[in-house]
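J.: Contents of start19.json (JSON, C-alpha atoms (C1' of nucleotides)) are below:
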[["chain", "number", "residue", "atom", "x", "y", "z"],
["V", 1, "MET", "CA", 0.00, 0.00, 0.00],
["V", 2, "ALA", "CA", 1.16, 3.52, -0.72],
["V", 3, "TYR", "CA", 1.49, 5.90, 2.19],
["V", 4, "LYS", "CA", 0.78, 9.56, 1.88],
["V", 5, "THR", "CA", 3.80, 11.60, 2.87],
["V", 6, "ARG", "CA", 4.76, 15.23, 3.00],
["V", 7, "GLN", "CA", 7.55, 14.53, 0.55],
["V", 8, "ARG", "CA", 5.33, 12.99, -2.11],
["V", 9, "ASP", "CA", 2.72, 15.68, -1.74],
["V", 10, "ALA", "CA", 5.38, 18.31, -2.25],
["V", 11, "ILE", "CA", 6.80, 16.55, -5.31],
["V", 12, "TRP", "CA", 3.37, 16.18, -6.86],
["V", 13, "GLN", "CA", 2.55, 19.80, -6.21],
["V", 14, "VAL", "CA", 5.74, 20.91, -7.87],
["V", 15, "VAL", "CA", 5.03, 18.82, -10.96],
["V", 16, "VAL", "CA", 1.41, 19.82, -11.46],
["V", 17, "SER", "CA", 1.92, 23.49, -10.80],
["V", 18, "SER", "CA", 4.91, 23.92, -13.09],
["V", 19, "ALA", "CA", 4.42, 25.66, -16.40],
["V", 20, "ARG", "CA", 7.12, 23.57, -17.98],
["V", 21, "PRO", "CA", 8.73, 20.13, -17.60],
["V", 22, "LEU", "CA", 11.32, 19.87, -14.83],
["V", 23, "THR", "CA", 14.32, 17.70, -14.12],
["V", 24, "ALA", "CA", 14.56, 15.56, -11.01],
["V", 25, "GLN", "CA", 17.07, 18.06, -9.65],
["V", 26, "GLU", "CA", 14.78, 20.99, -10.28],
["V", 27, "ILE", "CA", 11.88, 19.18, -8.67],
["V", 28, "CYS", "CA", 14.04, 18.35, -5.67],
["V", 29, "ALA", "CA", 15.16, 21.95, -5.28],
["V", 30, "GLU", "CA", 11.61, 23.25, -5.63],
["V", 31, "ALA", "CA", 10.10, 20.67, -3.28],
["V", 32, "ALA", "CA", 12.76, 21.51, -0.70],
["V", 33, "LYS", "CA", 11.01, 24.85, -0.25],
["V", 34, "SER", "CA", 8.10, 23.01, 1.38],
["V", 35, "VAL", "CA", 9.95, 20.03, 2.82],
["V", 36, "GLU", "CA", 13.35, 21.01, 4.03],
["V", 37, "GLY", "CA", 16.05, 18.43, 3.50],
["V", 38, "ILE", "CA", 14.13, 16.28, 1.01],
["V", 39, "GLY", "CA", 16.54, 13.84, -0.60],
["V", 40, "ILE", "CA", 17.15, 13.26, -4.26],
["V", 41, "ALA", "CA", 16.58, 9.52, -3.82],
["V", 42, "THR", "CA", 13.11, 10.26, -2.53],
["V", 43, "VAL", "CA", 12.40, 12.39, -5.55],
["V", 44, "TYR", "CA", 13.52, 9.64, -7.92],
["V", 45, "ARG", "CA", 11.50, 7.04, -6.02],
["V", 46, "ALA", "CA", 8.36, 9.14, -6.10],
["V", 47, "LEU", "CA", 8.74, 10.07, -9.75],
["V", 48, "LYS", "CA", 9.29, 6.47, -10.71],
["V", 49, "GLN", "CA", 6.10, 5.43, -8.97],
["V", 50, "MET", "CA", 4.13, 8.29, -10.44],
["V", 51, "VAL", "CA", 5.33, 7.40, -13.92],
["V", 52, "GLU", "CA", 4.34, 3.77, -13.40],
["V", 53, "GLU", "CA", 0.92, 4.84, -12.17],
["V", 54, "GLY", "CA", 0.49, 7.10, -15.17],
["V", 55, "GLN", "CA", 0.25, 10.42, -13.33],
["V", 56, "VAL", "CA", 3.59, 11.71, -14.50],
["V", 57, "ARG", "CA", 5.21, 11.60, -17.92],
["V", 58, "HIS", "CA", 8.90, 10.99, -18.42],
["V", 59, "ILE", "CA", 10.36, 13.16, -21.18],
["V", 60, "ASP", "CA", 13.59, 12.32, -22.95],
["V", 61, "VAL", "CA", 15.08, 15.01, -25.12],
["V", 62, "PRO", "CA", 18.60, 14.58, -26.49],
["V", 63, "GLY", "CA", 21.11, 16.92, -24.93],
["V", 64, "VAL", "CA", 19.48, 17.39, -21.56],
["V", 65, "GLN", "CA", 18.61, 15.30, -18.53],
["V", 66, "PRO", "CA", 15.24, 13.62, -18.45],
["V", 67, "HIS", "CA", 12.36, 15.89, -17.50],
["V", 68, "TYR", "CA", 9.02, 15.13, -15.88],
["V", 69, "GLU", "CA", 5.61, 16.66, -16.30],
["V", 70, "ASN", "CA", 1.95, 16.15, -15.47],
["V", 71, "ALA", "CA", 0.69, 13.28, -17.61],
["V", 72, "ALA", "CA", -2.77, 14.82, -17.75],
["V", 73, "LEU", "CA", -1.59, 17.49, -20.16],
["V", 74, "SER", "CA", -2.85, 17.00, -23.70],
["V", 75, "HIS", "CA", -0.65, 15.96, -26.61],
["V", 76, "HIS", "CA", 2.09, 18.44, -27.30],
["V", 77, "HIS", "CA", 5.78, 18.78, -28.10],
["V", 78, "PHE", "CA", 8.82, 20.55, -26.73],
["V", 79, "PHE", "CA", 11.20, 23.41, -27.21],
["V", 80, "LEU", "CA", 14.72, 23.33, -25.83],
["V", 81, "CYS", "CA", 16.43, 26.64, -25.29],
["V", 82, "GLU", "CA", 20.07, 26.08, -26.16],
["V", 83, "GLU", "CA", 20.99, 29.15, -24.19],
["V", 84, "CYS", "CA", 19.45, 28.50, -20.76],
["V", 85, "LYS", "CA", 18.97, 24.76, -21.38],
["V", 86, "ARG", "CA", 15.39, 24.88, -20.16],
["V", 87, "LEU", "CA", 12.64, 22.82, -21.73],
["V", 88, "PHE", "CA", 9.30, 24.38, -22.68],
["V", 89, "ASP", "CA", 5.98, 22.97, -23.82],
["V", 90, "LEU", "CA", 4.73, 23.80, -27.29],
["V", 91, "ALA", "CA", 0.99, 23.92, -27.88],
["V", 92, "GLY", "CA", -0.50, 21.91, -30.72],
["V", 93, "CYS", "CA", 0.92, 19.53, -33.27],
["V", 94, "LEU", "CA", 1.36, 19.16, -37.01],
["V", 95, "ARG", "CA", -0.71, 17.47, -39.68],
["V", 96, "GLY", "CA", 0.55, 14.91, -42.10],
["V", 97, "ILE", "CA", 3.20, 13.31, -39.98],
["V", 98, "ALA", "CA", 2.18, 9.86, -41.17],
["V", 99, "ASN", "CA", 2.97, 10.98, -44.72],
["V", 100, "LEU", "CA", 6.64, 10.78, -43.88],
["V", 101, "LEU", "CA", 6.35, 7.02, -43.44],
["V", 102, "PRO", "CA", 7.53, 4.67, -46.16],
["V", 103, "SER", "CA", 4.90, 2.15, -47.15],
["V", 104, "GLY", "CA", 4.61, -0.82, -44.87],
["V", 105, "TYR", "CA", 5.77, 1.09, -41.81],
["V", 106, "ARG", "CA", 3.42, 1.53, -38.88],
["V", 107, "MET", "CA", 3.45, 4.65, -36.73],
["V", 108, "LYS", "CA", 2.67, 4.31, -33.04],
["V", 109, "ARG", "CA", 3.72, 7.74, -31.83],
["V", 110, "HIS", "CA", 5.92, 10.66, -32.74],
["V", 111, "GLU", "CA", 8.00, 13.36, -31.14],
["V", 112, "ILE", "CA", 8.91, 16.82, -32.34],
["V", 113, "VAL", "CA", 11.58, 18.90, -30.67],
["V", 114, "ILE", "CA", 12.48, 22.43, -31.65],
["V", 115, "TYR", "CA", 15.84, 23.84, -30.62],
["V", 116, "GLY", "CA", 16.62, 27.53, -30.39],
["V", 117, "GLU", "CA", 16.34, 30.41, -27.98],
["V", 118, "CYS", "CA", 13.44, 31.11, -25.66],
["V", 119, "ALA", "CA", 11.83, 34.54, -25.49],
["V", 120, "GLY", "CA", 13.73, 35.38, -22.33],
["V", 121, "CYS", "CA", 17.09, 34.60, -23.83],
["V", 122, "VAL", "CA", 16.28, 36.30, -27.13],
["V", 123, "SER", "CA", 15.41, 39.58, -25.41],
["V", 124, "ARG", "CA", 18.34, 39.33, -23.05],
["V", 125, "ALA", "CA", 20.78, 38.95, -25.93],
["L", 126, "MET", "CA", 48.63, 15.71, -39.71],
["L", 127, "ALA", "CA", 46.07, 13.00, -40.28],
["L", 128, "TYR", "CA", 47.28, 9.67, -41.56],
["L", 129, "LYS", "CA", 45.27, 7.54, -43.91],
["L", 130, "THR", "CA", 44.72, 4.10, -42.43],
["L", 131, "ARG", "CA", 42.94, 0.92, -43.39],
["L", 132, "GLN", "CA", 40.79, 1.28, -40.30],
["L", 133, "ARG", "CA", 39.54, 4.75, -41.12],
["L", 134, "ASP", "CA", 38.90, 3.86, -44.72],
["L", 135, "ALA", "CA", 36.83, 0.91, -43.63],
["L", 136, "ILE", "CA", 34.85, 2.99, -41.12],
["L", 137, "TRP", "CA", 34.14, 5.66, -43.69],
["L", 138, "GLN", "CA", 33.07, 3.09, -46.24],
["L", 139, "VAL", "CA", 30.66, 1.53, -43.79],
["L", 140, "VAL", "CA", 29.10, 4.88, -42.98],
["L", 141, "VAL", "CA", 28.67, 6.16, -46.52],
["L", 142, "SER", "CA", 27.41, 2.92, -47.94],
["L", 143, "SER", "CA", 24.82, 2.24, -45.27],
["L", 144, "ALA", "CA", 21.17, 2.80, -46.09],
["L", 145, "ARG", "CA", 20.45, 3.81, -42.52],
["L", 146, "PRO", "CA", 22.23, 5.33, -39.51],
["L", 147, "LEU", "CA", 24.40, 2.93, -37.53],
["L", 148, "THR", "CA", 25.68, 2.72, -33.97],
["L", 149, "ALA", "CA", 29.38, 2.66, -33.16],
["L", 150, "GLN", "CA", 28.99, -1.03, -32.38],
["L", 151, "GLU", "CA", 27.33, -1.74, -35.70],
["L", 152, "ILE", "CA", 29.99, 0.21, -37.54],
["L", 153, "CYS", "CA", 32.70, -1.69, -35.70],
["L", 154, "ALA", "CA", 31.16, -5.05, -36.53],
["L", 155, "GLU", "CA", 30.69, -4.09, -40.17],
["L", 156, "ALA", "CA", 34.17, -2.61, -40.54],
["L", 157, "ALA", "CA", 35.64, -5.77, -39.03],
["L", 158, "LYS", "CA", 34.65, -7.55, -42.23],
["L", 159, "SER", "CA", 37.34, -5.57, -44.07],
["L", 160, "VAL", "CA", 39.77, -5.01, -41.22],
["L", 161, "GLU", "CA", 39.90, -7.98, -38.94],
["L", 162, "GLY", "CA", 40.32, -7.15, -35.28],
["L", 163, "ILE", "CA", 39.45, -3.47, -35.55],
["L", 164, "GLY", "CA", 38.91, -2.10, -32.05],
["L", 165, "ILE", "CA", 35.93, -0.19, -30.74],
["L", 166, "ALA", "CA", 38.22, 2.59, -29.49],
["L", 167, "THR", "CA", 39.44, 3.14, -33.02],
["L", 168, "VAL", "CA", 35.88, 3.40, -34.23],
["L", 169, "TYR", "CA", 35.00, 5.98, -31.60],
["L", 170, "ARG", "CA", 38.16, 7.95, -32.34],
["L", 171, "ALA", "CA", 37.52, 7.99, -36.07],
["L", 172, "LEU", "CA", 33.85, 8.88, -35.70],
["L", 173, "LYS", "CA", 34.70, 11.70, -33.34],
["L", 174, "GLN", "CA", 37.13, 13.17, -35.82],
["L", 175, "MET", "CA", 34.74, 12.76, -38.73],
["L", 176, "VAL", "CA", 32.01, 14.49, -36.76],
["L", 177, "GLU", "CA", 34.35, 17.38, -35.93],
["L", 178, "GLU", "CA", 35.34, 17.67, -39.56],
["L", 179, "GLY", "CA", 31.71, 17.66, -40.63],
["L", 180, "GLN", "CA", 31.75, 14.49, -42.70],
["L", 181, "VAL", "CA", 29.67, 12.47, -40.29],
["L", 182, "ARG", "CA", 26.54, 13.42, -38.38],
["L", 183, "HIS", "CA", 25.90, 12.32, -34.81],
["L", 184, "ILE", "CA", 22.29, 11.34, -34.22],
["L", 185, "ASP", "CA", 20.74, 11.26, -30.79],
["L", 186, "VAL", "CA", 17.37, 9.61, -30.49],
["L", 187, "PRO", "CA", 15.94, 8.88, -27.05],
["L", 188, "GLY", "CA", 15.83, 5.20, -26.20],
["L", 189, "VAL", "CA", 18.72, 4.02, -28.32],
["L", 190, "GLN", "CA", 22.46, 4.51, -28.48],
["L", 191, "PRO", "CA", 23.78, 7.35, -30.60],
["L", 192, "HIS", "CA", 23.88, 6.62, -34.31],
["L", 193, "TYR", "CA", 26.10, 8.02, -37.06],
["L", 194, "GLU", "CA", 25.44, 8.76, -40.70],
["L", 195, "ASN", "CA", 26.89, 10.50, -43.72],
["L", 196, "ALA", "CA", 26.60, 14.23, -43.13],
["L", 197, "ALA", "CA", 26.18, 14.88, -46.84],
["L", 198, "LEU", "CA", 22.66, 13.50, -46.80],
["L", 199, "SER", "CA", 19.99, 16.16, -47.16],
["L", 200, "HIS", "CA", 17.69, 17.27, -44.35],
["L", 201, "HIS", "CA", 15.51, 14.46, -43.09],
["L", 202, "HIS", "CA", 14.19, 12.80, -39.96],
["L", 203, "PHE", "CA", 14.11, 9.37, -38.36],
["L", 204, "PHE", "CA", 12.01, 6.36, -37.65],
["L", 205, "LEU", "CA", 12.78, 4.05, -34.75],
["L", 206, "CYS", "CA", 11.41, 0.53, -34.95],
["L", 207, "GLU", "CA", 10.45, -0.40, -31.41],
["L", 208, "GLU", "CA", 10.56, -4.05, -32.38],
["L", 209, "CYS", "CA", 14.03, -4.46, -33.86],
["L", 210, "LYS", "CA", 15.38, -1.19, -32.38],
["L", 211, "ARG", "CA", 16.84, -0.14, -35.71],
["L", 212, "LEU", "CA", 16.83, 3.45, -36.86],
["L", 213, "PHE", "CA", 15.71, 4.40, -40.39],
["L", 214, "ASP", "CA", 15.82, 7.58, -42.41],
["L", 215, "LEU", "CA", 12.58, 9.26, -43.41],
["L", 216, "ALA", "CA", 12.51, 11.27, -46.60],
["L", 217, "GLY", "CA", 11.25, 14.83, -46.52],
["L", 218, "CYS", "CA", 10.02, 17.10, -43.79],
["L", 219, "LEU", "CA", 6.89, 18.96, -42.70],
["L", 220, "ARG", "CA", 5.67, 22.49, -43.29],
["L", 221, "GLY", "CA", 4.66, 24.91, -40.61],
["L", 222, "ILE", "CA", 6.94, 23.77, -37.85],
["L", 223, "ALA", "CA", 7.71, 27.34, -36.90],
["L", 224, "ASN", "CA", 4.00, 27.84, -36.27],
["L", 225, "LEU", "CA", 4.35, 25.80, -33.11],
["L", 226, "LEU", "CA", 6.61, 28.46, -31.61],
["L", 227, "PRO", "CA", 5.25, 30.93, -29.07],
["L", 228, "SER", "CA", 5.96, 34.52, -30.01],
["L", 229, "GLY", "CA", 9.43, 35.72, -29.16],
["L", 230, "TYR", "CA", 10.96, 32.28, -29.50],
["L", 231, "ARG", "CA", 13.60, 31.69, -32.16],
["L", 232, "MET", "CA", 13.93, 28.35, -33.93],
["L", 233, "LYS", "CA", 17.40, 27.19, -34.95],
["L", 234, "ARG", "CA", 16.63, 23.61, -35.85],
["L", 235, "HIS", "CA", 14.13, 20.85, -35.23],
["L", 236, "GLU", "CA", 13.91, 17.11, -34.96],
["L", 237, "ILE", "CA", 11.07, 14.74, -35.70],
["L", 238, "VAL", "CA", 11.15, 11.12, -34.62],
["L", 239, "ILE", "CA", 8.47, 8.60, -35.43],
["L", 240, "TYR", "CA", 8.24, 5.44, -33.35],
["L", 241, "GLY", "CA", 6.56, 2.26, -34.50],
["L", 242, "GLU", "CA", 7.27, -0.87, -36.47],
["L", 243, "CYS", "CA", 9.33, -1.08, -39.64],
["L", 244, "ALA", "CA", 8.05, -2.88, -42.70],
["L", 245, "GLY", "CA", 10.12, -5.94, -41.93],
["L", 246, "CYS", "CA", 8.75, -6.31, -38.43],
["L", 247, "VAL", "CA", 5.18, -5.58, -39.51],
["L", 248, "SER", "CA", 5.22, -8.34, -42.09],
["L", 249, "ARG", "CA", 7.01, -10.73, -39.77],
["L", 250, "ALA", "CA", 4.35, -10.30, -37.06],
["B", 251, "DT", "C1'", -1.60, 3.35, 21.28],
["B", 252, "DG", "C1'", 1.08, -0.14, 19.27],
["B", 253, "DA", "C1'", 2.89, -2.80, 15.73],
["B", 254, "DA", "C1'", 3.52, -3.72, 10.94],
["B", 255, "DA", "C1'", 4.39, -1.75, 6.63],
["B", 256, "DA", "C1'", 6.14, 1.80, 3.96],
["B", 257, "DA", "C1'", 8.99, 5.63, 3.18],
["B", 258, "DC", "C1'", 12.83, 8.52, 4.42],
["B", 259, "DG", "C1'", 17.87, 10.48, 3.86],
["B", 260, "DA", "C1'", 22.67, 9.84, 3.13],
["B", 261, "DG", "C1'", 25.87, 7.85, 0.91],
["B", 262, "DA", "C1'", 27.60, 3.71, -1.52],
["B", 263, "DA", "C1'", 27.01, 1.08, -5.57],
["B", 264, "DT", "C1'", 25.69, 0.36, -10.37],
["B", 265, "DA", "C1'", 25.80, 0.51, -15.28],
["B", 266, "DG", "C1'", 27.09, 1.53, -19.74],
["B", 267, "DA", "C1'", 28.84, 4.60, -23.23],
["B", 268, "DA", "C1'", 32.81, 7.17, -24.14],
["B", 269, "DT", "C1'", 37.57, 8.49, -23.27],
["B", 270, "DA", "C1'", 42.38, 7.92, -21.64],
["B", 271, "DT", "C1'", 46.58, 5.21, -21.33],
["B", 272, "DC", "C1'", 50.45, 3.05, -23.33],
["B", 273, "DA", "C1'", 53.38, -0.15, -25.69],
["B", 274, "DA", "C1'", 53.48, -1.76, -30.35],
["B", 275, "DT", "C1'", 52.58, -0.88, -35.11],
["B", 276, "DT", "C1'", 51.79, 1.81, -39.18],
["B", 277, "DT", "C1'", 52.08, 5.86, -42.05],
["B", 278, "DC", "C1'", 54.39, 9.45, -44.44],
["B", 279, "DA", "C1'", 57.91, 12.83, -46.01],
["B", 280, "DC", "C1'", 62.38, 12.95, -47.40],
["P", 281, "DG", "C1'", 64.71, 2.92, -46.47],
["P", 282, "DT", "C1'", 64.61, 5.74, -42.17],
["P", 283, "DG", "C1'", 62.89, 8.16, -38.38],
["P", 284, "DA", "C1'", 59.46, 11.17, -36.48],
["P", 285, "DA", "C1'", 54.71, 11.45, -35.81],
["P", 286, "DA", "C1'", 50.29, 9.45, -35.80],
["P", 287, "DT", "C1'", 47.40, 5.51, -35.08],
["P", 288, "DT", "C1'", 46.07, 1.17, -33.29],
["P", 289, "DG", "C1'", 44.03, -2.32, -29.94],
["P", 290, "DA", "C1'", 43.36, -3.88, -25.36],
["P", 291, "DT", "C1'", 42.00, -2.52, -21.31],
["P", 292, "DA", "C1'", 41.64, 0.62, -17.42],
["P", 293, "DT", "C1'", 39.29, 4.63, -16.19],
["P", 294, "DT", "C1'", 35.95, 8.15, -16.13],
["P", 295, "DC", "C1'", 31.55, 10.04, -15.76],
["P", 296, "DT", "C1'", 27.11, 10.75, -14.09],
["P", 297, "DA", "C1'", 22.15, 9.72, -13.79],
["P", 298, "DT", "C1'", 19.81, 6.44, -11.32],
["P", 299, "DT", "C1'", 19.20, 2.71, -8.05],
["P", 300, "DC", "C1'", 20.35, 0.25, -3.91],
["P", 301, "DT", "C1'", 21.41, -0.28, 1.06],
["P", 302, "DC", "C1'", 20.30, 0.24, 5.56],
["P", 303, "DG", "C1'", 19.34, 2.19, 9.95],
["P", 304, "DT", "C1'", 15.81, 5.49, 11.29],
["P", 305, "DT", "C1'", 11.40, 7.74, 11.01],
["P", 306, "DT", "C1'", 6.70, 8.15, 9.57],
["P", 307, "DT", "C1'", 2.26, 6.45, 8.32],
["P", 308, "DT", "C1'", -1.64, 3.55, 8.71],
["P", 309, "DC", "C1'", -5.17, 1.07, 10.98],
["P", 310, "DA", "C1'", -7.01, -2.12, 14.33]]
How does the structure come out when it is put into structure tokens?

T.:
Amino acid sequence: MAYKTRQRDAIWQVVVSSARPLTAQEICAEAAKSVEGIGIATVYRALKQMVEEGQVRHIDVPGVQPHYENAALSHHHFFLCEECKRLFDLAGCLRGIANLLPSGYRMKRHEIVIYGECAGCVSRA
Amino acid sequence: MAYKTRQRDAIWQVVVSSARPLTAQEICAEAAKSVEGIGIATVYRALKQMVEEGQVRHIDVPGVQPHYENAALSHHHFFLCEECKRLFDLAGCLRGIANLLPSGYRMKRHEIVIYGECAGCVSRA
DNA sequence: TGAAAAACGAGAATAGAATATCAATTTCAC
DNA sequence: GTGAAATTGATATTCTATTCTCGTTTTTCA
């Protein structure tokens, strides 16, 4: 049985209230504001469980550590700022992706990642 | 100065004559057919140099080891077969990718990866 | 309230790709 | 052909995100 703990509550709160995907480190740092001294192992344990239970999504983008976000968010893709290395959500998707497939191939899912500079870094430059 | 060696020739030949991106391991195994006993360190060294010199492209797709391919190939994306774990090239691209960007964001490049089953695995199933 | 089960935190251990090391071999310019 | 410089292959080492270990603490529920 799963126990309800201050640590897990804090981790969950951080994930669902974030406007963008976060790394385990970022989640740990943010959760530490509510639960002082929370350990990174606890964050990994909780995230792993939440991913298995389908509440949290694990996001792998080349070039940066894995990120995590609320799995309830609708289908979308990501933007990686090469300047500040932060990952952002992109709204919407594209049509015609299946047209890229050679005949005989079956598509199960797809990922789109855009690399560049976020608004903050563009204006700061 | 760079010396021309049997090993490098073999590695280069494997890369340019492959119909799809290969991993360092695959390249090593394939190159071993021309140069018996070629070591994995040599493959990594050669690939690293070729990437720096712009002849070879380093491809990072989540879930599989890095792959390498001829950098002279025109812009395209990738398909990962979740059954046989092989990576394939997809011809062409999509329009309107920049439309996904929030205002103020600057796109430098993009990646599209489709996951599914390749023709071989579909027909074998 | 008490006891069993689960979770915690700190730090050690793991794993796997990539790099470094180094003696032996190969390449190249002359 | 010769010697300096580069490369090779085997293996040790590094690196770092994640998991494991384990003694302690917290949660749950009768």

J.: Can you check which residues of chain P have any atom within 9 Å of chain V? Use only C-alpha atoms (C1' of nucleotides) and format it as a count of residues only.

T.: 6

J.: Looking at V:Tyr115, V:Phe88, V:Trp12, V:Phe78, which one is nearest to chain L, with distances taken over only C-alpha atoms?

T.: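 Of the candidates, the smallest distance to chain L is held by V:Tyr115.
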
J.: Considering only C-alpha atoms (C1' of nucleotides), extract the chain B residues located within 10 Å of chain V and return them as a CSV table (one decimal) with C-alpha atoms (C1' of nucleotides), keeping the file's coordinate frame.

T.:
chain,number,residue,atom,x,y,z
B,255,DA,C1',4.4,-1.8,6.6
B,256,DA,C1',6.1,1.8,4.0
B,257,DA,C1',9.0,5.6,3.2
B,258,DC,C1',12.8,8.5,4.4
B,259,DG,C1',17.9,10.5,3.9
B,260,DA,C1',22.7,9.8,3.1

J.: Might you pull out every residue within 12 Å of DA262 in chain B, with all atoms listed in the file counted and same-chain residues fewer than 6 positions away left off, and present them as a list in words?

T.: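 Within the cut-off, the hits are DT299, DC300, DT301 and DC302 of chain P.
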
J.: Please find the residues of chain L near chain V - the criterion being any atom within 8 Å, counting all atoms listed in the file - and write them as an MDAnalysis selection string.

T.: chainID L and resid 185:187 215:219 221:222 225:244 247

J.: Counting only C-alpha atoms (C1' of nucleotides), which residues have an atom no more than 9 Å from (47.7, 6.6, -33.2) in the file's coordinates? Please list them as a short mmCIF file (atom, residue, chain, number, x, y, z; two decimals) with C-alpha atoms (C1' of nucleotides), keeping the file's coordinate frame.

T.:
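Written file, part-v1.cif:
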data_model
loop_
_atom_site.label_atom_id
_atom_site.label_comp_id
_atom_site.auth_asym_id
_atom_site.auth_seq_id
_atom_site.Cartn_x
_atom_site.Cartn_y
_atom_site.Cartn_z
CA TYR L 128 47.28 9.67 -41.56
CA THR L 167 39.44 3.14 -33.02
"C1'" DT B 276 51.79 1.81 -39.18
"C1'" DA P 285 54.71 11.45 -35.81
"C1'" DA P 286 50.29 9.45 -35.80
"C1'" DT P 287 47.40 5.51 -35.08
"C1'" DT P 288 46.07 1.17 -33.29
#

J.: What separation in Å, quoted to one decimal, exists between CA of Ala72 in chain V and CA of Glu208 in chain L?

T.: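 Between CA of Ala72 in chain V and CA of Glu208 in chain L the gap works out to 27.3 Å.
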
J.: Using all atoms listed in the file, which of P:DG289, P:DC309, P:DA284, P:DC295 sits nearest Glu161 in chain L?

T.: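 Selected residue with least distance to Glu161 in chain L: P:DG289.
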
J.: Give me, please, the distance in Å between CA of Asn195 in chain L and C1' of DT294 in chain P, quoted to one decimal.

T.: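 Between CA of Asn195 in chain L and C1' of DT294 in chain P the gap is 29.1 Å.
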
J.: What gap, in Å, lies between CA of Leu172 in chain L and CA of Val140 in chain L?

T.: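 CA of Leu172 in chain L sits 9.6 Å away from CA of Val140 in chain L.
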
J.: Where atoms are absent from range 201-218 of chain L, fill them in so it carries N, CA and C atoms, then output it as a compact mmCIF listing (two decimals), in the coordinates of the input.

T.:
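And here's result_5.txt as it stands now:
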# COMPACT_ATOMS: atom_id res chain seq x y z
N HIS L 201 16.54 15.50 -43.23
CA HIS L 201 15.51 14.46 -43.09
C HIS L 201 15.35 14.10 -41.62
N HIS L 202 14.41 13.18 -41.36
CA HIS L 202 14.19 12.80 -39.96
C HIS L 202 14.28 11.29 -39.81
N PHE L 203 13.84 10.78 -38.65
CA PHE L 203 14.11 9.37 -38.36
C PHE L 203 12.90 8.59 -37.87
N PHE L 204 13.03 7.30 -38.10
CA PHE L 204 12.01 6.36 -37.65
C PHE L 204 12.70 5.31 -36.80
N LEU L 205 12.20 5.09 -35.60
CA LEU L 205 12.78 4.05 -34.75
C LEU L 205 11.80 2.89 -34.64
N CYS L 206 12.25 1.72 -35.09
CA CYS L 206 11.41 0.53 -34.95
C CYS L 206 11.53 0.03 -33.52
N GLU L 207 10.41 0.01 -32.82
CA GLU L 207 10.45 -0.40 -31.41
C GLU L 207 10.58 -1.91 -31.28
N GLU L 208 10.44 -2.59 -32.41
CA GLU L 208 10.56 -4.05 -32.38
C GLU L 208 12.03 -4.46 -32.53
N CYS L 209 12.65 -4.05 -33.62
CA CYS L 209 14.03 -4.46 -33.86
C CYS L 209 15.03 -3.40 -33.42
N LYS L 210 14.53 -2.27 -32.92
CA LYS L 210 15.38 -1.19 -32.38
C LYS L 210 16.29 -0.57 -33.41
N ARG L 211 16.00 -0.76 -34.68
CA ARG L 211 16.84 -0.14 -35.71
C ARG L 211 16.29 1.23 -36.08
N LEU L 212 17.21 2.09 -36.49
CA LEU L 212 16.83 3.45 -36.86
C LEU L 212 16.83 3.57 -38.38
N PHE L 213 15.80 4.23 -38.94
CA PHE L 213 15.71 4.40 -40.39
C PHE L 213 15.57 5.88 -40.73
N ASP L 214 16.02 6.22 -41.93
CA ASP L 214 15.82 7.58 -42.41
C ASP L 214 14.42 7.73 -42.95
N LEU L 215 13.86 8.92 -42.78
CA LEU L 215 12.58 9.26 -43.41
C LEU L 215 12.87 10.33 -44.43
N ALA L 216 12.29 10.23 -45.59
CA ALA L 216 12.51 11.27 -46.60
C ALA L 216 11.60 12.46 -46.31
N GLY L 217 12.09 13.65 -46.62
CA GLY L 217 11.25 14.83 -46.52
C GLY L 217 11.08 15.39 -45.13
N CYS L 218 10.23 16.40 -45.05
CA CYS L 218 10.02 17.10 -43.79
C CYS L 218 8.58 17.61 -43.77
